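Asks: Sharing a structure, written as structure tokens. Questions coming.
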Amino acid sequence: MEVIIGKYAGVCGGVKLAIQKTEEAVKNEKNIFCLGDVVHNKQIIDNLKAKGLKIVYDIKDVPVGSKMIIRAHGESEVIYELAKQRNIEIIDTTCGSVISIHNKVKKAREDSFIIVIGEKNHPESLSHLGFAGINSYLIEEEDDILDAYMAFEETGLSKVYVVSQTTFSSKKFDILEKEIYTNFIEADVVVDKTICNVTEFRQEECKRLSKVVDYMVVIGGEKSANSRKLAELANEICKNTYFIETVEDLKNICFDGSKKAGIMAGASTPDYIIAEVKKYLEEV
Ligand code: SF4
């Protein structure tokens, strides 16, 4: 079968750098802890764990005086403070684009109510909220906007500053942005669409590719929000879309009669998995 790999498929610069820094850290020292999964990809995590990385989900589980990696998604301001109190050395792999949002939010929180458009429970969104302080609200769906407005009213502020999780759906962001302007009509609203360019390009390429192939294969970790979003986008256009983690997930699928397959992969999918999937599809 002819196979086309979408442009921008796979690991982005931010994740690549986070993995490199983590690999260097575990190579040089034994007791390296990471708060949460470095990236949302099981294969990469298993590999790093095999090299000695210890993953914990609460900073209290990081021993005093040890070294701790902050992953590409970033962490709340309070984690940096707690690390300092516990004499924990931070190896910060937060992506530059995420740091830039933290800095913007820190500045805006002085006189504005902050709205983060993102997924509830996504570590990156929570990191932005953690920098935004108490006058902030996380919006994922249109239904959240009224509650956000009520929270805004209680603050007595007149300004609203809106940012986004870098991997949020661009289409959904635009819908929510319109609704925010409608609902916060009396407020002074500034919207900063902080979706990462790579994410936008990848989503556009995914849609374009889905139109010209018989099958779409989206590769990404189960926990990877940006990969899941790619699969949703592909599925809206190409009904033969499969969301997989590794080549093994393709083994029970019958590709009879198809001529062309497209591959798209999320920000944390390593190149070698993309290559394995390509090879498999070329041979079916
Ligand atoms: S998707 Fe963009 S913001 Fe997120 S880690 Fe990659 S480069 Fe950074």
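Going by the structure tokens order, chains are called A, B, ..., each with residues numbered from 1, while ligands are numbered from 1 in the order shown.
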Which residues are near ligand 1 in this structure, taking near to mean any atom at most 7 Å from a ligand atom and counting only C-alpha atoms and all ligand atoms? Format them as number ranges by chain.
Replies: A: 12-15, 72-73, 95-98, 166-167, 196-199, 267
Asks: Residues of region 178-226 of chain A classed as alpha helix (DSSP H) by DSSP on the backbone are to be reported as number ranges by chain.
Replies: A: 178-183, 197-212, 225-226
Asks: Tell me which protein, DNA and RNA residues are within 12 Å of region 22-38 of chain A, counting only C-alpha atoms, leaving out same-chain ones fewer than 5 positions away, and put them as a PyMOL selection string.
Replies: chain A and resi 14-17+43-76+79-80+83+88-95+122-124+221+223-224+268
Asks: Tell me which protein, DNA and RNA residues are within 12 Å of Lys178 (chain A), counting only C-alpha atoms, leaving out same-chain ones fewer than 3 positions away, and put them as a count of residues only.
Replies: 15
Asks: From region 29-199 of chain A, collect each residue whose DSSP state is strand (DSSP E or B) and return the set as number ranges by chain.
Replies: A: 32-35, 54-56, 67-70, 89-92, 112-117, 136-139, 159-164, 188-191
Asks: For the residues selected in the previous step, produce a file with C-alpha atoms as a short mmCIF file (atom, residue, chain, number, x, y, z; two decimals), in the first residue's frame.
Replies:
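Writing the result to part_38.cif gives the following:
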data_model
loop_
_atom_site.label_atom_id
_atom_site.label_comp_id
_atom_site.auth_asym_id
_atom_site.auth_seq_id
_atom_site.Cartn_x
_atom_site.Cartn_y
_atom_site.Cartn_z
CA ILE A 32 16.51 11.14 39.34
CA PHE A 33 12.81 11.65 39.96
CA CYS A 34 10.18 12.95 37.60
CA LEU A 35 6.88 14.44 38.69
CA LYS A 54 11.78 7.17 39.02
CA ILE A 55 8.33 8.52 38.34
CA VAL A 56 6.29 9.87 41.25
CA LYS A 67 17.03 15.91 41.74
CA MET A 68 13.65 16.24 40.08
CA ILE A 69 12.69 16.67 36.46
CA ILE A 70 9.88 19.01 35.54
CA GLU A 89 17.26 20.45 42.59
CA ILE A 90 15.07 21.02 39.56
CA ILE A 91 16.00 19.88 36.06
CA ASP A 92 13.49 21.94 34.15
CA SER A 112 -6.79 40.73 35.20
CA PHE A 113 -9.00 37.71 35.64
CA ILE A 114 -7.30 34.85 33.79
CA ILE A 115 -9.17 32.32 31.67
CA VAL A 116 -7.27 29.23 30.58
CA ILE A 117 -8.91 27.41 27.69
CA SER A 136 -8.67 32.42 37.27
CA TYR A 137 -10.88 29.80 35.65
CA LEU A 138 -10.35 26.82 33.37
CA ILE A 139 -12.77 26.51 30.48
CA LYS A 159 -10.01 42.98 32.70
CA VAL A 160 -9.94 39.44 31.40
CA TYR A 161 -6.91 37.76 29.86
CA VAL A 162 -7.45 34.52 27.94
CA VAL A 163 -4.77 31.95 27.10
CA SER A 164 -4.87 28.39 25.91
CA ASP A 188 -12.15 44.39 28.79
CA VAL A 189 -11.20 41.05 27.21
CA VAL A 190 -7.79 40.28 25.67
CA VAL A 191 -7.52 36.91 23.94
#
Asks: Measure the distance from CA of Lys193 (chain A) to CA of Gly6 (chain A) in Å and round it to one decimal.
Replies: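 Going from CA of Lys193 (chain A) over to CA of Gly6 (chain A) covers 24.1 Å.
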Asks: Applying 7 Å and only C-alpha atoms, which residues near Val105 (chain A) remain after dropping the ones on its own chain fewer than 4 positions away? List them as a list in words.
Replies: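 Those residues are Ile101, Arg109, Phe131 and Ala132 of chain A.
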Asks: With distances taken over only C-alpha atoms, which of A:Lys251, A:Arg228, A:Lys104, A:Lys21 is nearest to Asp192 (chain A)?
Replies: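 Between A:Lys251, A:Arg228, A:Lys104, A:Lys21, the residue approaching Asp192 (chain A) most closely is A:Lys104.
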Asks: Which distance in Å separates CA of Val218 (chain A) and CA of Leu126 (chain A), to one decimal?
Replies: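 Between CA of Val218 (chain A) and CA of Leu126 (chain A) the gap is 26.1 Å.
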Asks: Enter the distance from CA of Tyr242 (chain A) to CA of Gln20 (chain A), in Å, rounded to one decimal.
Replies: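 Atom-to-atom, CA of Tyr242 (chain A) and CA of Gln20 (chain A) are spaced 29.4 Å apart.
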Asks: Between A:Leu281, A:Met216, A:Ala231, A:Met264, which has the minimum distance to Glu248 (chain A) (counting only C-alpha atoms)?
Replies: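 The answer is A:Leu281, which sits nearest to Glu248 (chain A).
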Asks: Have a look at A:Leu129, A:Ile180, A:Ile237, A:Cys254 and name the one nearest to Lys211 (chain A); count only C-alpha atoms.
Replies: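 Ranking A:Leu129, A:Ile180, A:Ile237, A:Cys254 by distance to Lys211 (chain A), first place goes to A:Ile237.
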Asks: Which of these, A:Asp214, A:Asp147, A:Asp271, A:Glu119, has the shortest distance to Lys229 (chain A) once you count only C-alpha atoms?
Replies: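 Distance minimum relative to Lys229 (chain A) lands on A:Glu119.
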